[in-house]
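S.K.: TSV, C-alpha atoms and all ligand atoms, saved as input.tsv, coming up:
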chain	number	residue	atom	x	y	z
A	10	MET	CA	-99.84	11.14	2.48
A	11	LEU	CA	-100.25	9.06	5.58
A	12	ASP	CA	-97.62	6.46	6.39
A	13	ASP	CA	-99.96	3.45	6.42
A	14	LYS	CA	-97.35	1.09	7.80
A	15	ARG	CA	-96.54	3.38	10.71
A	16	VAL	CA	-100.21	3.87	11.54
A	17	ARG	CA	-100.78	0.12	11.59
A	18	ASP	CA	-97.61	-0.57	13.59
A	19	ASP	CA	-98.76	2.02	16.14
A	20	THR	CA	-102.14	0.29	16.53
A	21	PRO	CA	-101.88	-2.96	18.54
A	22	GLY	CA	-105.37	-4.04	17.41
A	23	CYS	CA	-104.24	-4.11	13.77
A	24	GLY	CA	-102.75	-7.15	12.14
A	25	SER	CA	-104.36	-9.68	14.46
A	26	GLY	CA	-106.68	-10.76	11.66
A	27	LEU	CA	-109.49	-8.50	12.83
A	28	VAL	CA	-111.16	-6.22	10.30
A	29	PHE	CA	-112.20	-3.29	12.45
A	30	LEU	CA	-114.96	-1.10	11.03
A	31	ASP	CA	-116.39	0.57	14.12
A	32	SER	CA	-114.56	3.83	14.73
A	33	ALA	CA	-117.96	5.53	14.88
A	34	GLY	CA	-118.66	3.35	17.92
A	35	SER	CA	-115.45	2.93	19.88
A	36	SER	CA	-112.22	2.91	17.87
A	37	LEU	CA	-108.92	1.09	18.32
A	38	PRO	CA	-106.52	3.39	20.17
A	39	PRO	CA	-102.90	3.85	19.17
A	40	ARG	CA	-100.40	2.23	21.55
A	41	ILE	CA	-99.40	5.56	23.11
A	42	VAL	CA	-102.95	6.04	24.43
A	43	THR	CA	-103.13	2.68	26.19
A	44	ASP	CA	-99.57	3.06	27.53
A	45	THR	CA	-100.36	6.52	28.88
A	46	VAL	CA	-103.51	5.37	30.68
A	47	ILE	CA	-101.96	2.24	32.17
A	48	GLY	CA	-98.78	4.08	33.11
A	49	HIS	CA	-100.72	6.64	35.08
A	50	LEU	CA	-102.90	4.04	36.82
A	51	ARG	CA	-99.68	2.27	37.90
A	52	ARG	CA	-98.26	5.54	39.21
A	53	GLU	CA	-101.45	6.21	41.18
A	54	ALA	CA	-101.09	2.77	42.77
A	55	GLU	CA	-97.49	3.56	43.72
A	56	ILE	CA	-97.81	7.04	45.23
A	57	GLY	CA	-101.53	7.89	45.41
A	58	GLY	CA	-103.80	9.74	43.03
A	59	TYR	CA	-103.07	13.27	44.23
A	60	ARG	CA	-99.31	13.05	43.99
A	61	ALA	CA	-99.51	11.15	40.71
A	62	ALA	CA	-101.65	13.96	39.27
A	63	SER	CA	-99.34	16.65	40.64
A	64	GLU	CA	-96.46	15.08	38.70
A	65	ARG	CA	-98.43	15.50	35.48
A	66	LEU	CA	-99.79	19.05	35.78
A	67	ASP	CA	-98.07	20.18	32.58
A	68	ASP	CA	-99.34	17.15	30.68
A	69	LEU	CA	-102.85	17.73	31.99
A	70	ALA	CA	-102.76	21.34	30.82
A	71	ALA	CA	-101.46	20.11	27.47
A	72	VAL	CA	-104.65	18.09	26.91
A	73	LYS	CA	-106.61	21.30	26.31
A	74	THR	CA	-103.78	22.80	24.30
A	75	ALA	CA	-103.84	19.82	21.95
A	76	ILE	CA	-107.64	19.90	21.61
A	77	GLY	CA	-107.46	23.65	21.01
A	78	ALA	CA	-104.88	23.15	18.25
A	79	LEU	CA	-107.13	20.57	16.59
A	80	ILE	CA	-110.28	22.74	16.53
A	81	ASN	CA	-108.65	26.22	16.42
A	82	ALA	CA	-109.71	27.20	19.94
A	83	ALA	CA	-107.98	28.67	22.98
A	84	PRO	CA	-107.32	26.08	25.70
A	85	SER	CA	-109.39	28.20	28.11
A	86	SER	CA	-112.46	27.65	25.91
A	87	ILE	CA	-112.35	23.86	26.44
A	88	ALA	CA	-114.11	22.03	29.29
A	89	LEU	CA	-113.14	18.38	29.66
A	90	SER	CA	-115.81	15.85	30.63
A	91	ASP	CA	-116.55	12.16	30.66
A	92	SER	CA	-118.70	12.00	27.51
A	93	ALA	CA	-120.11	13.99	24.63
A	94	THR	CA	-123.59	13.65	26.07
A	95	ARG	CA	-122.43	15.13	29.37
A	96	SER	CA	-120.87	18.09	27.57
A	97	TRP	CA	-123.89	18.59	25.33
A	98	ALA	CA	-126.29	18.49	28.27
A	99	ASP	CA	-124.12	20.74	30.46
A	100	PHE	CA	-124.32	23.48	27.87
A	101	PHE	CA	-127.92	22.83	26.89
A	102	PHE	CA	-129.21	22.95	30.48
A	103	SER	CA	-127.46	26.30	31.02
A	104	VAL	CA	-129.40	28.01	28.21
A	105	PRO	CA	-132.18	30.05	29.85
A	106	LEU	CA	-135.60	28.90	28.58
A	107	GLY	CA	-139.17	29.90	29.40
A	108	PRO	CA	-142.72	29.38	28.15
A	109	GLY	CA	-143.03	30.01	24.42
A	110	ASP	CA	-139.30	29.73	23.72
A	111	ARG	CA	-138.36	27.46	20.85
A	112	ILE	CA	-135.65	24.78	20.64
A	113	LEU	CA	-134.81	23.58	17.13
A	114	ILE	CA	-133.25	20.16	16.58
A	115	SER	CA	-131.85	18.53	13.45
A	116	GLY	CA	-133.55	15.81	11.42
A	117	ALA	CA	-130.50	13.64	12.15
A	118	GLU	CA	-130.67	14.47	15.87
A	119	TYR	CA	-129.10	11.99	18.27
A	120	ALA	CA	-131.51	10.37	20.73
A	121	SER	CA	-129.82	11.62	23.92
A	122	ASN	CA	-129.98	15.23	22.70
A	123	ALA	CA	-133.63	14.91	21.66
A	124	ILE	CA	-134.59	13.33	24.98
A	125	ALA	CA	-132.88	16.15	26.91
A	126	ALA	CA	-134.67	18.71	24.74
A	127	LEU	CA	-138.04	17.07	25.35
A	128	ARG	CA	-137.38	16.89	29.07
A	129	ARG	CA	-136.48	20.57	29.22
A	130	ALA	CA	-139.43	21.59	27.11
A	131	ALA	CA	-141.73	19.81	29.57
A	132	ALA	CA	-140.04	21.57	32.50
A	133	THR	CA	-139.91	25.09	31.04
A	134	GLY	CA	-142.86	25.42	28.65
A	135	ALA	CA	-140.54	25.72	25.66
A	136	THR	CA	-141.25	23.79	22.46
A	137	VAL	CA	-139.05	21.39	20.49
A	138	GLU	CA	-139.31	21.57	16.71
A	139	GLN	CA	-137.49	19.76	13.95
A	140	ILE	CA	-135.57	21.63	11.29
A	141	PRO	CA	-136.82	20.10	8.00
A	142	SER	CA	-134.36	18.10	5.92
A	143	ASP	CA	-134.00	18.85	2.21
A	144	GLY	CA	-134.26	16.34	-0.62
A	145	SER	CA	-130.70	15.19	-0.02
A	146	GLY	CA	-131.34	14.55	3.68
A	147	GLN	CA	-129.26	17.38	5.11
A	148	ILE	CA	-130.55	20.42	7.01
A	149	ASP	CA	-132.83	22.45	4.71
A	150	LEU	CA	-131.24	25.90	5.01
A	151	GLU	CA	-134.12	27.70	3.30
A	152	ALA	CA	-136.65	26.05	5.58
A	153	LEU	CA	-134.48	26.93	8.59
A	154	ALA	CA	-134.29	30.57	7.49
A	155	ALA	CA	-138.07	30.63	7.07
A	156	MET	CA	-138.83	29.12	10.49
A	157	VAL	CA	-136.50	31.07	12.80
A	158	ASP	CA	-137.70	34.05	14.82
A	159	GLU	CA	-136.60	35.74	18.04
A	160	ARG	CA	-138.34	33.08	20.15
A	161	VAL	CA	-135.78	30.50	18.97
A	162	LYS	CA	-133.25	30.32	21.82
A	163	LEU	CA	-131.22	27.31	20.80
A	164	VAL	CA	-130.51	25.47	17.56
A	165	SER	CA	-129.00	22.03	17.89
A	166	VAL	CA	-127.02	21.25	14.77
A	167	LEU	CA	-126.03	17.64	14.31
A	168	HIS	CA	-122.81	17.72	12.30
A	169	VAL	CA	-122.44	14.05	11.32
A	170	PRO	CA	-125.25	11.67	12.28
A	171	THR	CA	-124.54	8.47	14.15
A	172	ASN	CA	-126.35	6.44	11.45
A	173	GLY	CA	-124.75	7.49	8.20
A	174	GLY	CA	-122.65	9.41	5.81
A	175	LEU	CA	-123.98	12.95	5.59
A	176	VAL	CA	-122.27	16.14	6.78
A	177	ASN	CA	-124.66	18.94	7.69
A	178	PRO	CA	-123.88	22.51	6.55
A	179	ALA	CA	-123.09	23.63	10.10
A	180	ALA	CA	-121.54	27.04	9.35
A	181	GLU	CA	-124.48	28.08	7.15
A	182	ALA	CA	-127.06	26.88	9.70
A	183	THR	CA	-125.19	28.77	12.40
A	184	ARG	CA	-125.33	32.03	10.45
A	185	ILE	CA	-129.09	31.67	10.07
A	186	ALA	CA	-129.57	30.88	13.78
A	187	HIS	CA	-127.44	33.84	14.79
A	188	SER	CA	-129.51	36.19	12.62
A	189	VAL	CA	-132.28	35.90	15.23
A	190	GLY	CA	-129.95	35.77	18.24
A	191	ALA	CA	-130.29	32.02	18.88
A	192	LEU	CA	-127.40	30.03	20.34
A	193	VAL	CA	-125.96	27.16	18.30
A	194	LEU	CA	-124.82	23.94	19.91
A	195	LEU	CA	-122.99	21.65	17.47
A	196	ASP	CA	-122.88	17.91	18.09
A	197	ALA	CA	-119.45	17.16	16.60
A	198	CYS	CA	-119.22	13.72	18.16
A	199	GLN	CA	-118.91	11.92	14.82
A	200	SER	CA	-116.93	14.60	13.00
A	201	ALA	CA	-114.03	15.29	15.40
A	202	GLY	CA	-111.09	13.13	14.35
A	203	GLN	CA	-112.33	12.40	10.81
A	204	LEU	CA	-113.21	15.86	9.40
A	205	ALA	CA	-111.58	19.26	9.76
A	206	LEU	CA	-113.21	21.28	12.55
A	207	ASP	CA	-112.51	24.98	12.93
A	208	VAL	CA	-114.69	26.63	15.56
A	209	VAL	CA	-113.92	30.11	14.23
A	210	GLU	CA	-115.01	29.17	10.72
A	211	LEU	CA	-118.05	27.30	12.02
A	212	GLY	CA	-118.98	30.19	14.31
A	213	VAL	CA	-120.83	27.92	16.74
A	214	ASP	CA	-121.42	28.90	20.37
A	215	ALA	CA	-120.62	25.47	21.72
A	216	LEU	CA	-119.57	22.08	20.45
A	217	SER	CA	-119.54	18.63	22.06
A	218	VAL	CA	-117.19	15.75	21.28
A	219	THR	CA	-116.46	12.29	22.65
A	220	GLY	CA	-112.97	10.79	23.05
A	221	ARG	CA	-113.45	7.16	22.08
A	222	LYS	CA	-114.73	7.47	18.50
A	223	TRP	CA	-112.73	9.03	15.65
A	224	LEU	CA	-110.26	10.66	18.07
A	225	ARG	CA	-109.25	7.16	19.23
A	226	GLY	CA	-109.04	8.18	22.87
A	227	PRO	CA	-110.09	6.21	25.96
A	228	ARG	CA	-113.69	5.57	26.90
A	229	GLY	CA	-115.22	7.92	29.47
A	230	THR	CA	-113.72	11.06	27.94
A	231	GLY	CA	-115.21	14.00	26.07
A	232	PHE	CA	-115.14	17.76	25.91
A	233	LEU	CA	-117.14	20.91	25.40
A	234	TYR	CA	-115.96	23.92	23.45
A	235	LEU	CA	-117.49	27.18	24.66
A	236	ARG	CA	-117.16	30.34	22.56
A	237	PRO	CA	-114.93	32.62	24.69
A	238	GLU	CA	-117.39	35.53	24.60
A	239	LEU	CA	-119.98	33.29	26.28
A	240	ALA	CA	-117.79	32.06	29.11
A	241	ALA	CA	-118.77	34.92	31.37
A	242	SER	CA	-122.53	34.68	30.80
A	243	MET	CA	-123.39	30.98	30.70
A	244	VAL	CA	-124.04	29.62	34.18
A	245	PRO	CA	-123.97	25.84	34.52
A	246	GLU	CA	-126.88	24.15	36.32
A	247	ARG	CA	-124.51	22.39	38.69
A	248	LEU	CA	-121.35	23.77	40.24
A	249	ASP	CA	-118.58	22.51	42.50
A	250	LEU	CA	-115.38	23.87	44.03
A	251	HIS	CA	-113.57	23.71	40.69
A	252	SER	CA	-116.23	25.39	38.51
A	253	ALA	CA	-116.67	28.05	41.21
A	254	GLU	CA	-114.92	29.29	44.34
A	255	TRP	CA	-116.69	29.68	47.68
A	256	SER	CA	-115.47	33.22	48.24
A	257	ALA	CA	-117.58	34.37	51.22
A	258	PRO	CA	-120.11	32.54	53.46
A	259	THR	CA	-123.01	33.39	51.13
A	260	GLU	CA	-121.12	33.99	47.90
A	261	TYR	CA	-119.29	32.13	45.24
A	262	THR	CA	-117.31	33.22	42.19
A	263	LEU	CA	-117.60	31.32	38.93
A	264	ALA	CA	-114.49	30.24	37.08
A	265	PRO	CA	-113.80	32.85	34.40
A	266	ASP	CA	-113.50	30.44	31.47
A	267	ALA	CA	-114.96	27.20	30.11
A	268	SER	CA	-113.70	25.30	33.17
A	269	ARG	CA	-116.89	26.47	34.90
A	270	PHE	CA	-118.39	23.53	32.99
A	271	GLU	CA	-116.02	21.03	34.65
A	272	PHE	CA	-116.17	19.22	37.97
A	273	TRP	CA	-113.04	18.76	40.02
A	274	GLU	CA	-113.02	14.97	40.17
A	275	CYS	CA	-112.09	13.13	37.01
A	276	ASP	CA	-110.36	10.07	35.64
A	277	VAL	CA	-106.88	11.58	35.34
A	278	ALA	CA	-105.46	8.57	33.48
A	279	ALA	CA	-108.24	8.73	30.88
A	280	ARG	CA	-107.73	12.46	30.47
A	281	LEU	CA	-104.02	12.00	29.87
A	282	GLY	CA	-104.95	9.28	27.40
A	283	LEU	CA	-107.24	11.67	25.53
A	284	GLY	CA	-104.38	14.16	25.35
A	285	ALA	CA	-102.11	11.46	23.94
A	286	ALA	CA	-104.75	10.54	21.34
A	287	VAL	CA	-105.17	14.12	20.13
A	288	ARG	CA	-101.41	14.74	20.10
A	289	TYR	CA	-100.94	11.55	18.09
A	290	LEU	CA	-103.50	12.78	15.55
A	291	LEU	CA	-101.78	16.18	15.34
A	292	GLU	CA	-98.45	14.44	14.85
A	293	LEU	CA	-99.76	12.21	12.04
A	294	GLY	CA	-101.20	15.26	10.32
A	295	PRO	CA	-104.99	15.63	10.68
A	296	ASP	CA	-105.54	16.40	6.99
A	297	ASP	CA	-103.74	13.21	5.95
A	298	VAL	CA	-105.83	11.21	8.42
A	299	TYR	CA	-109.08	12.78	7.17
A	300	GLU	CA	-108.08	12.04	3.59
A	301	ALA	CA	-107.30	8.42	4.46
A	302	VAL	CA	-110.70	7.98	6.16
A	303	ALA	CA	-112.51	9.52	3.17
A	304	ALA	CA	-110.67	7.25	0.71
A	305	ARG	CA	-111.65	4.14	2.69
A	306	ALA	CA	-115.30	5.17	2.97
A	307	GLU	CA	-115.37	6.04	-0.73
A	308	HIS	CA	-114.00	2.58	-1.53
A	309	LEU	CA	-116.90	1.01	0.39
A	310	ARG	CA	-119.47	3.32	-1.19
A	311	LYS	CA	-118.26	2.13	-4.59
A	312	SER	CA	-117.95	-1.59	-3.78
A	313	LEU	CA	-121.02	-2.29	-1.63
A	314	PRO	CA	-123.69	-1.25	-4.20
A	315	GLU	CA	-122.16	-3.70	-6.70
A	316	ILE	CA	-123.46	-6.53	-4.51
A	317	ASP	CA	-126.96	-7.77	-5.38
A	318	GLY	CA	-129.45	-6.84	-2.66
A	319	VAL	CA	-127.19	-4.37	-0.85
A	320	THR	CA	-128.34	-0.75	-0.58
A	321	VAL	CA	-126.08	1.99	0.75
A	322	ARG	CA	-128.29	4.22	2.92
A	323	ASP	CA	-126.15	7.32	3.17
A	324	THR	CA	-127.89	10.62	2.49
A	325	GLY	CA	-126.61	14.17	2.13
A	326	ILE	CA	-124.36	15.91	-0.36
A	327	ARG	CA	-121.00	15.89	1.39
A	328	HIS	CA	-120.04	12.48	2.78
A	329	ASN	CA	-117.93	11.23	5.68
A	330	GLY	CA	-116.34	8.03	7.00
A	331	ILE	CA	-119.56	6.35	8.13
A	332	VAL	CA	-121.02	4.02	5.51
A	333	SER	CA	-124.48	2.63	6.32
A	334	PHE	CA	-126.28	-0.05	4.36
A	335	THR	CA	-128.98	-2.70	4.43
A	336	VAL	CA	-129.13	-6.17	2.87
A	337	ASP	CA	-132.42	-7.32	1.33
A	338	GLY	CA	-134.02	-10.09	3.35
A	339	VAL	CA	-131.32	-10.11	6.07
A	340	GLU	CA	-131.81	-8.24	9.35
A	341	SER	CA	-129.03	-5.79	10.23
A	342	VAL	CA	-128.21	-7.64	13.45
A	343	GLU	CA	-127.87	-10.86	11.47
A	344	VAL	CA	-125.45	-9.15	9.08
A	345	ARG	CA	-123.46	-7.88	12.04
A	346	ASP	CA	-123.37	-11.27	13.78
A	347	HIS	CA	-122.48	-13.10	10.59
A	348	LEU	CA	-119.55	-10.72	10.03
A	349	ALA	CA	-118.49	-10.92	13.69
A	350	ALA	CA	-118.15	-14.68	13.30
A	351	GLN	CA	-115.51	-13.92	10.64
A	352	ASP	CA	-113.68	-11.40	12.83
A	353	ILE	CA	-115.16	-8.40	11.03
A	354	THR	CA	-116.50	-5.72	13.36
A	355	VAL	CA	-119.39	-3.53	12.25
A	356	THR	CA	-122.28	-2.18	14.33
A	357	VAL	CA	-126.00	-1.73	13.88
A	358	SER	CA	-127.65	1.64	14.19
A	359	HIS	CA	-131.26	1.24	15.33
A	360	ALA	CA	-134.15	3.60	14.55
A	361	SER	CA	-134.36	4.77	18.17
A	362	SER	CA	-130.89	6.39	18.00
A	363	THR	CA	-131.93	8.78	15.21
A	364	LEU	CA	-135.71	8.43	15.31
A	365	LEU	CA	-136.71	11.41	13.15
A	366	ASP	CA	-134.44	10.45	10.26
A	367	MET	CA	-135.02	6.70	10.38
A	368	SER	CA	-138.83	7.10	10.64
A	369	ALA	CA	-138.85	9.52	7.71
A	370	ARG	CA	-137.01	6.91	5.64
A	371	GLY	CA	-139.02	3.96	6.96
A	372	LEU	CA	-135.89	2.20	8.24
A	373	GLY	CA	-135.78	0.07	11.38
A	374	SER	CA	-132.02	-0.33	11.41
A	375	VAL	CA	-128.92	-0.03	9.25
A	376	VAL	CA	-125.54	-1.73	9.34
A	377	ARG	CA	-122.78	0.79	10.02
A	378	ALA	CA	-119.23	0.39	8.72
A	379	SER	CA	-116.83	3.12	9.85
A	380	PRO	CA	-113.23	2.51	8.76
A	381	HIS	CA	-110.49	4.65	10.29
A	382	CYS	CA	-107.13	5.37	8.69
A	383	PHE	CA	-105.58	2.20	10.12
A	384	VAL	CA	-107.81	-0.13	8.08
A	385	GLY	CA	-106.13	-1.61	5.01
A	386	PHE	CA	-107.84	-1.72	1.61
A	387	GLU	CA	-107.41	-5.50	1.45
A	388	GLU	CA	-109.32	-5.65	4.75
A	389	LEU	CA	-112.09	-3.57	3.23
A	390	ASP	CA	-112.25	-6.03	0.36
A	391	ARG	CA	-112.42	-8.94	2.78
A	392	PHE	CA	-115.40	-7.24	4.40
A	393	VAL	CA	-117.09	-6.59	1.03
A	394	ALA	CA	-116.57	-10.24	0.03
A	395	ALA	CA	-118.08	-11.40	3.33
A	396	VAL	CA	-121.16	-9.23	2.72
A	397	ALA	CA	-121.43	-10.58	-0.83
A	398	ALA	CA	-121.35	-14.14	0.53
A	399	LEU	CA	-124.42	-13.53	2.72
B	1	LIG	C1	-121.96	8.67	20.10
B	1	LIG	C2	-122.72	9.93	19.83
B	1	LIG	C3	-123.05	10.80	20.87
B	1	LIG	C4	-122.83	10.46	22.32
B	1	LIG	O1	-121.50	10.36	22.72
B	1	LIG	P1	-121.20	9.80	24.19
B	1	LIG	O2	-119.77	10.01	24.41
B	1	LIG	O3	-121.62	8.36	24.17
B	1	LIG	O4	-122.04	10.57	25.13
B	1	LIG	C5	-123.63	11.99	20.56
B	1	LIG	N1	-123.92	12.32	19.29
B	1	LIG	C6	-123.64	11.51	18.25
B	1	LIG	C7	-123.97	11.93	16.87
B	1	LIG	C8	-123.04	10.28	18.49
B	1	LIG	O5	-122.79	9.45	17.48
Mind turning this structure into structure tokens?
Ligand SMILES: *Cc1c(COP(=O)(O)O)cnc(C)c1O
M.R.:
Amino acid sequence: MLDDKRVRDDTPGCGSGLVFLDSAGSSLPPRIVTDTVIGHLRREAEIGGYRAASERLDDLAAVKTAIGALINAAPSSIALSDSATRSWADFFFSVPLGPGDRILISGAEYASNAIAALRRAAATGATVEQIPSDGSGQIDLEALAAMVDERVKLVSVLHVPTNGGLVNPAAEATRIAHSVGALVLLDACQSAGQLALDVVELGVDALSVTGRKWLRGPRGTGFLYLRPELAASMVPERLDLHSAEWSAPTEYTLAPDASRFEFWECDVAARLGLGAAVRYLLELGPDDVYEAVAARAEHLRKSLPEIDGVTVRDTGIRHNGIVSFTVDGVESVEVRDHLAAQDITVTVSHASSTLLDMSARGLGSVVRASPHCFVGFEELDRFVAAVAAL
């Protein structure tokens, strides 16, 4: 069981009267994260960025160790970046593609991934196809098995969509993709920090995550996991003197591990902050945190439908901490603004973020409530009452 009081005491944004339901957007960090970032920025101002970083080499290495412990990966299989999109694209653009090759994307695909896929298809002559969703809204595994062949080079599996509560069967989809030799890139942006992630169990070739959402890290952070067996064969589109070494006038040698997907320059303070966020999660006990998130989302999924005119829009079989809903006769942005005026933070997910899914369901937007473990049940009830009063 999570120590609710400790979690709230550790979160400066709690207890100021704000009901914060946007951890799927950009969460409230624990105090240690903010202190770590500010502390390092101060140190850089005192002695310069290079020396400040050299004082923290062990802590910088520990960022990947902590991430590895969270997702069951070796630190050398992690490449740090400045966003999930950057990590996703870095891997995606390194997958060799040619005319007639097929890229499969999920029905819940995130806009940035779909746009990159369309761009690459136009440049290479590959095609982009959607994996059908089943009646529940998740990836249709039978349809996926029926559509794959050896021309499929990459399957993009969206673990948890940005617009709602489903969890796609990622391990099963990966097995099917691997049966024809396709690579699997998992968008775990909305699952990392709220659901257990084990890259060995999942079997994926790569996985992308952002720092600021459920992991409660700083903005401008993210990472890529690269299956160790692939580290030697995947060549990033862009290289620098960190991802490769200029070893002779006309030669360079690629870094032997996932760091070939990193550039040398980075926001060191933010990186240390990400490490602090992941270590904090490990210290709290990830399973207890995941359980606390699930209990809060379940509370909302029970309470919201009891309000006249409110429809919970979550699909899928297995659910997660994102609860999406609409209110009859009230635009989602109006719901959001009305709640904001009462110090309740939710966000709106528009159709263009998850176009395939939202079009299939005829939805223009949904209100998204994503409570993390630091949200109290009485705060959830205050939110539900405010929706009921609309
Ligand atoms: C937020 C989000 C992303 C993008 O993350 P960034 O860090 O903003 O690049 C990708 N996929 C999903 C499902 C998301 O919700």
S.K.: Output as JSON the centre and edge lengths (Å, one decimal) of the box along x, y and z of the file that holds every listed atom of stretch 316-322 of chain A after adding 4 Å on each side.
M.R.:
{"center_x": -126.5, "center_y": -1.8, "center_z": -1.2, "size_x": 14.0, "size_y": 20.0, "size_z": 16.3}
S.K.: I need the residue nearest ligand LIG 1 (chain B) from this list: A:Asp91, A:Asp323, A:Asp44, A:Glu340. Use only C-alpha atoms and all ligand atoms for the distance.
M.R.: A:Asp91
S.K.: If we count all atoms listed in the file, what is near A:Ala197 at a cut-off of 8 Å, once residues fewer than 5 positions away on the same chain are taken out, given as a PyMOL selection string?
M.R.: chain A and resi 167-169+216-218
S.K.: Within 9 Å of ligand LIG 1 (chain B), which residues of chain A come that close, and what is the closest atom pair and distance in Å for each? Count all atoms listed in the file and give it as a Markdown table.
M.R.:
| residue | atom | partner | partner_atom | distance |
| --- | --- | --- | --- | --- |
| A:Ala33 | CA | B:LIG1 | O5 | 6.7 |
| A:Gly34 | CA | B:LIG1 | C1 | 6.6 |
| A:Ser35 | CA | B:LIG1 | C1 | 8.7 |
| A:Asp91 | CA | B:LIG1 | O2 | 7.4 |
| A:Ser92 | CA | B:LIG1 | O2 | 3.8 |
| A:Ala93 | CA | B:LIG1 | O4 | 4.0 |
| A:Thr94 | CA | B:LIG1 | O4 | 3.6 |
| A:Arg95 | CA | B:LIG1 | O4 | 6.2 |
| A:Ser96 | CA | B:LIG1 | O4 | 8.0 |
| A:Trp97 | CA | B:LIG1 | C5 | 8.1 |
| A:Ala117 | CA | B:LIG1 | C7 | 8.2 |
| A:Glu118 | CA | B:LIG1 | C7 | 7.2 |
| A:Tyr119 | CA | B:LIG1 | N1 | 5.3 |
| A:Ala120 | CA | B:LIG1 | N1 | 8.0 |
| A:Ser121 | CA | B:LIG1 | C5 | 7.1 |
| A:Asn122 | CA | B:LIG1 | C5 | 7.4 |
| A:Leu167 | CA | B:LIG1 | C7 | 6.6 |
| A:His168 | CA | B:LIG1 | C7 | 7.5 |
| A:Val169 | CA | B:LIG1 | C7 | 6.1 |
| A:Pro170 | CA | B:LIG1 | C7 | 4.8 |
| A:Thr171 | CA | B:LIG1 | O5 | 3.9 |
| A:Asn172 | CA | B:LIG1 | O5 | 7.6 |
| A:Asp196 | CA | B:LIG1 | N1 | 5.8 |
| A:Ala197 | CA | B:LIG1 | C7 | 6.9 |
| A:Cys198 | CA | B:LIG1 | C6 | 4.9 |
| A:Gln199 | CA | B:LIG1 | O5 | 5.3 |
| A:Ser200 | CA | B:LIG1 | C7 | 8.5 |
| A:Ser217 | CA | B:LIG1 | C5 | 7.9 |
| A:Val218 | CA | B:LIG1 | O2 | 7.0 |
| A:Thr219 | CA | B:LIG1 | O2 | 4.4 |
| A:Gly220 | CA | B:LIG1 | O2 | 7.0 |
| A:Arg221 | CA | B:LIG1 | O2 | 7.3 |
| A:Lys222 | CA | B:LIG1 | C1 | 7.5 |
| A:Arg228 | CA | B:LIG1 | O2 | 7.9 |
| A:Gly229 | CA | B:LIG1 | O2 | 7.1 |
| A:Thr230 | CA | B:LIG1 | O2 | 7.1 |
| A:Gly231 | CA | B:LIG1 | O2 | 6.3 |
| A:Ser362 | CA | B:LIG1 | O5 | 8.7 |
| A:Thr363 | CA | B:LIG1 | C7 | 8.7 |
S.K.: Which of these, A:Ile41, A:Leu106, A:Ala62, A:Leu150, has the shortest distance to A:Thr133 once you count only C-alpha atoms?
M.R.: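 Among the listed residues, the smallest separation from A:Thr133 belongs to A:Leu106.
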S.K.: For stretch 182-190 of chain A, find every residue with an atom within 6 Å (counting only C-alpha atoms), except residues of its own chain fewer than 2 positions away, and show them as a list in words.
M.R.: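 Answer for this query is Ala154, Asp158, Glu159, Ala179 and Ala180 of chain A.
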S.K.: What does the file look like for those residues with C-alpha atoms, as a PDB file, in the coordinates of the input?
M.R.:
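This went into out02.pdb:
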ATOM      1  CA  ALA A 154    -134.290  30.570   7.490  1.00  0.00           C
ATOM      2  CA  ASP A 158    -137.700  34.050  14.820  1.00  0.00           C
ATOM      3  CA  GLU A 159    -136.600  35.740  18.040  1.00  0.00           C
ATOM      4  CA  ALA A 179    -123.090  23.630  10.100  1.00  0.00           C
ATOM      5  CA  ALA A 180    -121.540  27.040   9.350  1.00  0.00           C
TER       6      ALA A 180
END
S.K.: Provide the atom CA of A:Gly134 to atom CA of A:Ala155 distance in Å, to one decimal place.
M.R.: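 According to the coordinates, atom CA of A:Gly134 and atom CA of A:Ala155 are separated by 22.7 Å.
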S.K.: Take atom CA of A:Cys23 and atom CA of A:Ala201 and report the distance between them in Å, one decimal.
M.R.: 21.8 Å
S.K.: A:Pro265, A:Gly173, A:Gly212, A:Gly226: which is nearest A:Ala240, counting all atoms listed in the file?
M.R.: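 Closest to A:Ala240, using all atoms listed in the file: A:Pro265.
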S.K.: Excluding A:Gln351 and its own-chain neighbours fewer than 4 positions away, which residues fall within 12 Å of it when counting all atoms listed in the file? Please give them as an MDAnalysis selection string.
M.R.: chainID A and resid 26:29 344:347 355 388 391:392 394:396 398:399
S.K.: Got time to write the residues from that selection, C-alpha atoms, as a tab-separated table (two decimals), in the coordinates of the input?
M.R.:
chain	number	residue	atom	x	y	z
A	26	GLY	CA	-106.68	-10.76	11.66
A	27	LEU	CA	-109.49	-8.50	12.83
A	28	VAL	CA	-111.16	-6.22	10.30
A	29	PHE	CA	-112.20	-3.29	12.45
A	344	VAL	CA	-125.45	-9.15	9.08
A	345	ARG	CA	-123.46	-7.88	12.04
A	346	ASP	CA	-123.37	-11.27	13.78
A	347	HIS	CA	-122.48	-13.10	10.59
A	355	VAL	CA	-119.39	-3.53	12.25
A	388	GLU	CA	-109.32	-5.65	4.75
A	391	ARG	CA	-112.42	-8.94	2.78
A	392	PHE	CA	-115.40	-7.24	4.40
A	394	ALA	CA	-116.57	-10.24	0.03
A	395	ALA	CA	-118.08	-11.40	3.33
A	396	VAL	CA	-121.16	-9.23	2.72
A	398	ALA	CA	-121.35	-14.14	0.53
A	399	LEU	CA	-124.42	-13.53	2.72
S.K.: Let me make sure I understand: among A:Ala397, A:Ile326, A:Val302, A:Leu348, which one has the smallest atom-to-atom distance to A:Met10 if we use all atoms listed in the file?
M.R.: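 Under the stated criterion, the closest residue is A:Val302.
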S.K.: Just the number, please: distance in Å from atom CA of A:Ala78 to atom CA of A:Leu291, one decimal.
M.R.: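 Separation between atom CA of A:Ala78 and atom CA of A:Leu291: 8.2 Å.
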